[in-house]
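The data block below is query-v6.pdb; it holds PDB, C-alpha atoms.
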```pdb
ATOM      1  CA  MET A   1      47.046  43.742 -23.854
ATOM      2  CA  PRO A   2      44.370  41.060 -24.150
ATOM      3  CA  ALA A   3      43.046  39.569 -20.964
ATOM      4  CA  LYS A   4      43.970  35.979 -20.260
ATOM      5  CA  LYS A   5      41.217  33.428 -20.465
ATOM      6  CA  LYS A   6      40.398  31.583 -17.281
ATOM      7  CA  SER A   7      42.249  28.289 -17.469
ATOM      8  CA  VAL A   8      40.417  25.018 -17.281
ATOM      9  CA  THR A   9      41.539  23.459 -14.045
ATOM     10  CA  THR A  10      39.515  20.256 -13.898
ATOM     11  CA  PRO A  11      37.622  17.953 -16.227
ATOM     12  CA  LEU A  12      34.449  19.227 -14.561
ATOM     13  CA  HIS A  13      35.314  22.802 -15.615
ATOM     14  CA  LEU A  14      35.990  21.557 -19.132
ATOM     15  CA  LEU A  15      32.650  19.723 -19.238
ATOM     16  CA  GLN A  16      30.864  22.841 -18.036
ATOM     17  CA  GLN A  17      32.517  25.071 -20.648
ATOM     18  CA  LEU A  18      32.059  22.610 -23.512
ATOM     19  CA  SER A  19      28.402  22.008 -22.795
ATOM     20  CA  HIS A  20      27.652  25.740 -22.543
ATOM     21  CA  SER A  21      29.627  26.398 -25.727
ATOM     22  CA  LEU A  22      27.913  23.591 -27.626
ATOM     23  CA  ILE A  23      24.452  24.824 -26.691
ATOM     24  CA  GLU A  24      25.344  28.406 -27.626
ATOM     25  CA  HIS A  25      26.781  27.404 -31.016
ATOM     26  CA  LEU A  26      23.848  25.129 -31.789
ATOM     27  CA  ASP A  27      21.361  27.909 -31.008
ATOM     28  CA  LYS A  28      23.268  30.384 -33.184
ATOM     29  CA  ALA A  29      23.693  27.908 -36.056
ATOM     30  CA  CYS A  30      19.997  26.995 -36.093
ATOM     31  CA  SER A  31      18.939  30.642 -35.977
ATOM     32  CA  GLN A  32      21.361  31.657 -38.722
ATOM     33  CA  ALA A  33      20.358  28.781 -41.004
ATOM     34  CA  ILE A  34      16.686  29.700 -40.670
ATOM     35  CA  LYS A  35      17.453  33.379 -41.213
ATOM     36  CA  ASP A  36      19.457  32.570 -44.366
ATOM     37  CA  ALA A  37      16.708  30.338 -45.758
ATOM     38  CA  GLU A  38      14.061  32.982 -45.076
ATOM     39  CA  SER A  39      16.255  35.558 -46.805
ATOM     40  CA  ALA A  40      16.616  33.311 -49.857
ATOM     41  CA  LEU A  41      12.851  32.801 -49.900
ATOM     42  CA  ALA A  42      12.234  36.551 -49.764
ATOM     43  CA  LYS A  43      14.673  37.057 -52.640
ATOM     44  CA  LEU A  44      12.885  34.419 -54.719
ATOM     45  CA  GLN A  45       9.521  36.006 -53.975
ATOM     46  CA  LYS A  46      10.845  39.379 -55.111
ATOM     47  CA  GLN A  47      12.273  37.876 -58.309
ATOM     48  CA  ARG A  48       8.990  36.080 -58.951
ATOM     49  CA  GLY A  49       7.072  39.338 -58.552
ATOM     50  CA  LYS A  50       9.337  41.058 -61.078
ATOM     51  CA  ALA A  51       8.982  38.142 -63.503
ATOM     52  CA  GLN A  52       5.205  38.278 -63.116
ATOM     53  CA  ASP A  53       5.247  42.020 -63.961
ATOM     54  CA  LYS A  54       7.391  41.386 -67.037
ATOM     55  CA  LEU A  55       5.038  38.611 -68.106
ATOM     56  CA  THR A  56       2.045  40.933 -67.831
ATOM     57  CA  LYS A  57       3.829  43.561 -69.944
ATOM     58  CA  ALA A  58       4.833  40.967 -72.540
ATOM     59  CA  ARG A  59       1.223  39.797 -72.826
ATOM     60  CA  ALA A  60       0.122  43.393 -73.327
ATOM     61  CA  LYS A  61       2.709  43.820 -76.108
ATOM     62  CA  LEU A  62       1.485  40.633 -77.764
ATOM     63  CA  ASP A  63      -2.107  41.858 -77.652
ATOM     64  CA  GLU A  64      -1.048  45.241 -79.000
ATOM     65  CA  ALA A  65       0.921  43.683 -81.853
ATOM     66  CA  GLY A  66      -2.031  41.400 -82.643
ATOM     67  CA  SER A  67      -4.492  44.270 -82.784
ATOM     68  CA  MET A  68      -2.171  46.227 -85.086
ATOM     69  CA  GLY A  69      -1.604  43.212 -87.335
ATOM     70  CA  LYS A  70       2.195  43.218 -86.906
ATOM     71  CA  THR A  71       3.178  39.571 -87.392
ATOM     72  CA  LYS A  72       6.900  40.120 -86.814
ATOM     73  CA  ALA A  73       6.185  41.903 -83.520
ATOM     74  CA  GLN A  74       3.755  39.131 -82.554
ATOM     75  CA  THR A  75       6.398  36.468 -83.173
ATOM     76  CA  LYS A  76       8.931  38.378 -81.086
ATOM     77  CA  ALA A  77       6.387  38.948 -78.309
ATOM     78  CA  ARG A  78       5.392  35.253 -78.289
ATOM     79  CA  SER A  79       9.047  34.243 -78.017
ATOM     80  CA  ARG A  80       9.602  36.652 -75.115
ATOM     81  CA  LEU A  81       6.392  35.448 -73.484
ATOM     82  CA  GLY A  82       7.605  31.833 -73.657
ATOM     83  CA  GLU A  83      10.933  32.748 -72.086
ATOM     84  CA  LEU A  84       9.232  34.641 -69.283
ATOM     85  CA  GLU A  85       6.793  31.796 -68.608
ATOM     86  CA  GLU A  86       9.708  29.355 -68.341
ATOM     87  CA  SER A  87      11.519  31.730 -66.009
ATOM     88  CA  LEU A  88       8.427  32.169 -63.863
ATOM     89  CA  ALA A  89       7.886  28.407 -63.691
ATOM     90  CA  LEU A  90      11.487  27.915 -62.615
ATOM     91  CA  LEU A  91      11.174  30.592 -59.929
ATOM     92  CA  GLN A  92       7.937  29.020 -58.674
ATOM     93  CA  SER A  93       9.650  25.634 -58.512
ATOM     94  CA  ARG A  94      12.607  27.067 -56.596
ATOM     95  CA  GLN A  95      10.278  28.899 -54.251
ATOM     96  CA  SER A  96       8.391  25.685 -53.571
ATOM     97  CA  GLU A  97      11.658  23.827 -52.930
ATOM     98  CA  THR A  98      12.821  26.590 -50.618
ATOM     99  CA  LEU A  99       9.556  26.490 -48.677
ATOM    100  CA  THR A 100       9.925  22.737 -48.253
ATOM    101  CA  TYR A 101      13.569  23.156 -47.210
ATOM    102  CA  LEU A 102      12.628  25.880 -44.726
ATOM    103  CA  ALA A 103       9.896  23.728 -43.176
ATOM    104  CA  ASP A 104      12.327  20.792 -42.869
ATOM    105  CA  LEU A 105      15.009  23.075 -41.466
ATOM    106  CA  LYS A 106      12.684  24.493 -38.820
ATOM    107  CA  ARG A 107      11.581  20.996 -37.841
ATOM    108  CA  ASP A 108      15.196  19.783 -37.640
ATOM    109  CA  ALA A 109      16.282  22.843 -35.658
ATOM    110  CA  GLU A 110      13.435  22.348 -33.213
ATOM    111  CA  GLN A 111      14.294  18.669 -32.841
ATOM    112  CA  SER A 112      18.009  19.442 -32.402
ATOM    113  CA  LEU A 113      17.312  22.023 -29.732
ATOM    114  CA  LYS A 114      14.953  19.601 -28.003
ATOM    115  CA  LEU A 115      17.653  16.924 -28.023
ATOM    116  CA  ALA A 116      20.123  19.495 -26.698
ATOM    117  CA  GLN A 117      18.077  19.608 -23.504
ATOM    118  CA  GLY A 118      20.181  16.639 -22.405
ATOM    119  CA  ILE A 119      23.295  18.738 -22.889
ATOM    120  CA  ARG A 120      21.672  21.567 -20.920
ATOM    121  CA  LYS A 121      21.081  19.098 -18.099
ATOM    122  CA  VAL A 122      24.769  18.119 -18.198
ATOM    123  CA  ALA A 123      25.730  21.813 -18.060
ATOM    124  CA  ASP A 124      23.389  22.415 -15.119
ATOM    125  CA  ASP A 125      24.720  19.343 -13.294
ATOM    126  CA  ALA A 126      28.317  20.485 -13.909
ATOM    127  CA  ASP A 127      27.423  23.947 -12.564
ATOM    128  CA  LYS A 128      25.894  22.390  -9.451
ATOM    129  CA  ALA A 129      28.911  20.129  -8.922
ATOM    130  CA  LEU A 130      31.324  23.053  -9.249
ATOM    131  CA  ARG A 131      29.293  25.156  -6.814
ATOM    132  CA  ALA A 132      29.240  22.264  -4.379
ATOM    133  CA  GLN A 133      33.029  21.961  -4.671
ATOM    134  CA  GLN A 134      33.474  25.690  -4.102
ATOM    135  CA  GLN A 135      31.244  25.606  -1.019
ATOM    136  CA  ALA A 136      33.135  22.607   0.327
ATOM    137  CA  THR A 137      36.493  24.430   0.118
TER     138      THR A 137
END
```
Exercise: express the given structure as structure tokens:
Amino acid sequence: MPAKKKSVTTPLHLLQQLSHSLIEHLDKACSQAIKDAESALAKLQKQRGKAQDKLTKARAKLDEAGSMGKTKAQTKARSRLGELEESLALLQSRQSETLTYLADLKRDAEQSLKLAQGIRKVADDADKALRAQQQAT
């Protein structure tokens, strides 16, 4: 049988619980958003590395086809090379956008947590007021 939650008996208790909950959720949300963005960045970096490897191999095939005088193979290799260069450019662009987003996100998270200091003060003041009430009774 689940344990009953402690009931909120006064507005001061409610203020205390809400402020603690808000701070906790804000901390978790900021941390998770940064973690997710860093994960996306790592994924893009991995994809970019693979695309770079494919590009290197495609250039080698083009050189090989050129040295053997195979025009059909050269045309195919040039086409593949163009596709890979476009893909790599797109990945680089996305990586750059993600880096910018991550920097903005970190700045916003830091600012949000700094602003939340006012909420922490409210929580501390509510804690003090509740302790004072308990000592008075």
Taking the file as I've supplied it (selection: the PyMOL selection byres ((chain A and resi 85) around 12)), which residues are included? Please answer as a PyMOL selection string.
chain A and resi 48+51-56+58-59+78-84+86-92
Counting all atoms listed in the file, which residue out of A:His20, A:Glu110, A:Gly49, A:Pro11 sits closest to Ala123 of chain A?
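Ranking A:His20, A:Glu110, A:Gly49, A:Pro11 by distance to Ala123 of chain A, first place goes to A:His20.
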Please enumerate the residues selected by the PyMOL selection byres ((chain A and resi 112-122) around 8) when evaluated against the supplied file, formatted as number ranges by chain.
A: 16, 19-20, 23, 26-27, 108-111, 123-126
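All residues of protein, DNA or RNA that reach within 9 Å of Leu105 of chain A, judged by only C-alpha atoms and not counting those fewer than 3 positions away in the chain, are A:Cys30, A:Ala33, A:Ile34, A:Ala37, A:Thr100, A:Tyr101, A:Leu102, A:Asp108, A:Ala109, A:Glu110.
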Writer output for current selection, C-alpha atoms, as a JSON list (two decimals), in the frame of the given file:
```json
[["chain", "number", "residue", "atom", "x", "y", "z"],
["A", 30, "CYS", "CA", 20.00, 27.00, -36.09],
["A", 33, "ALA", "CA", 20.36, 28.78, -41.00],
["A", 34, "ILE", "CA", 16.69, 29.70, -40.67],
["A", 37, "ALA", "CA", 16.71, 30.34, -45.76],
["A", 100, "THR", "CA", 9.93, 22.74, -48.25],
["A", 101, "TYR", "CA", 13.57, 23.16, -47.21],
["A", 102, "LEU", "CA", 12.63, 25.88, -44.73],
["A", 108, "ASP", "CA", 15.20, 19.78, -37.64],
["A", 109, "ALA", "CA", 16.28, 22.84, -35.66],
["A", 110, "GLU", "CA", 13.44, 22.35, -33.21]]
```
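With atom CA of Lys35 of chain A on one side and atom CA of Lys50 of chain A on the other, the separation reads 22.8 Å.
Checking A:Leu15, A:Leu22, A:Ala103, A:Ala65 one by one against Leu41 of chain A, counting all atoms listed in the file, you find the shortest gap at A:Ala103.
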Expressed in Å to a single decimal, how great is the separation between atom CA of Lys61 of chain A and atom CA of Gln74 of chain A?
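Computing it gives 8.0 Å between the two atoms.
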In terms of the shortest atom-to-atom distance over only C-alpha atoms, which of A:Ser67, A:Thr137, A:Ser39, A:Ser31 is closest to Gln95 of chain A?
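Closest to Gln95 of chain A of all the choices is A:Ser39.
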Distance atom CA of Leu130 of chain A-atom CA of Leu18 of chain A, one decimal place?
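Those two atoms sit 14.3 Å apart.
The shortest atom-to-atom distance to Leu14 of chain A, with all atoms listed in the file taken into account, belongs to A:Asp127 out of A:Asp127, A:Gln45, A:Ala77, A:Gln134.
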Each side padded by 5 Å, which centre and which edge lengths in Å (one decimal) define the axis-aligned box around the listed atoms of segment 86-105 of chain A? Give them as lines of an AutoDock Vina configuration file.
```
center_x = 11.4
center_y = 26.5
center_z = -54.9
size_x = 17.1
size_y = 21.4
size_z = 36.9
```
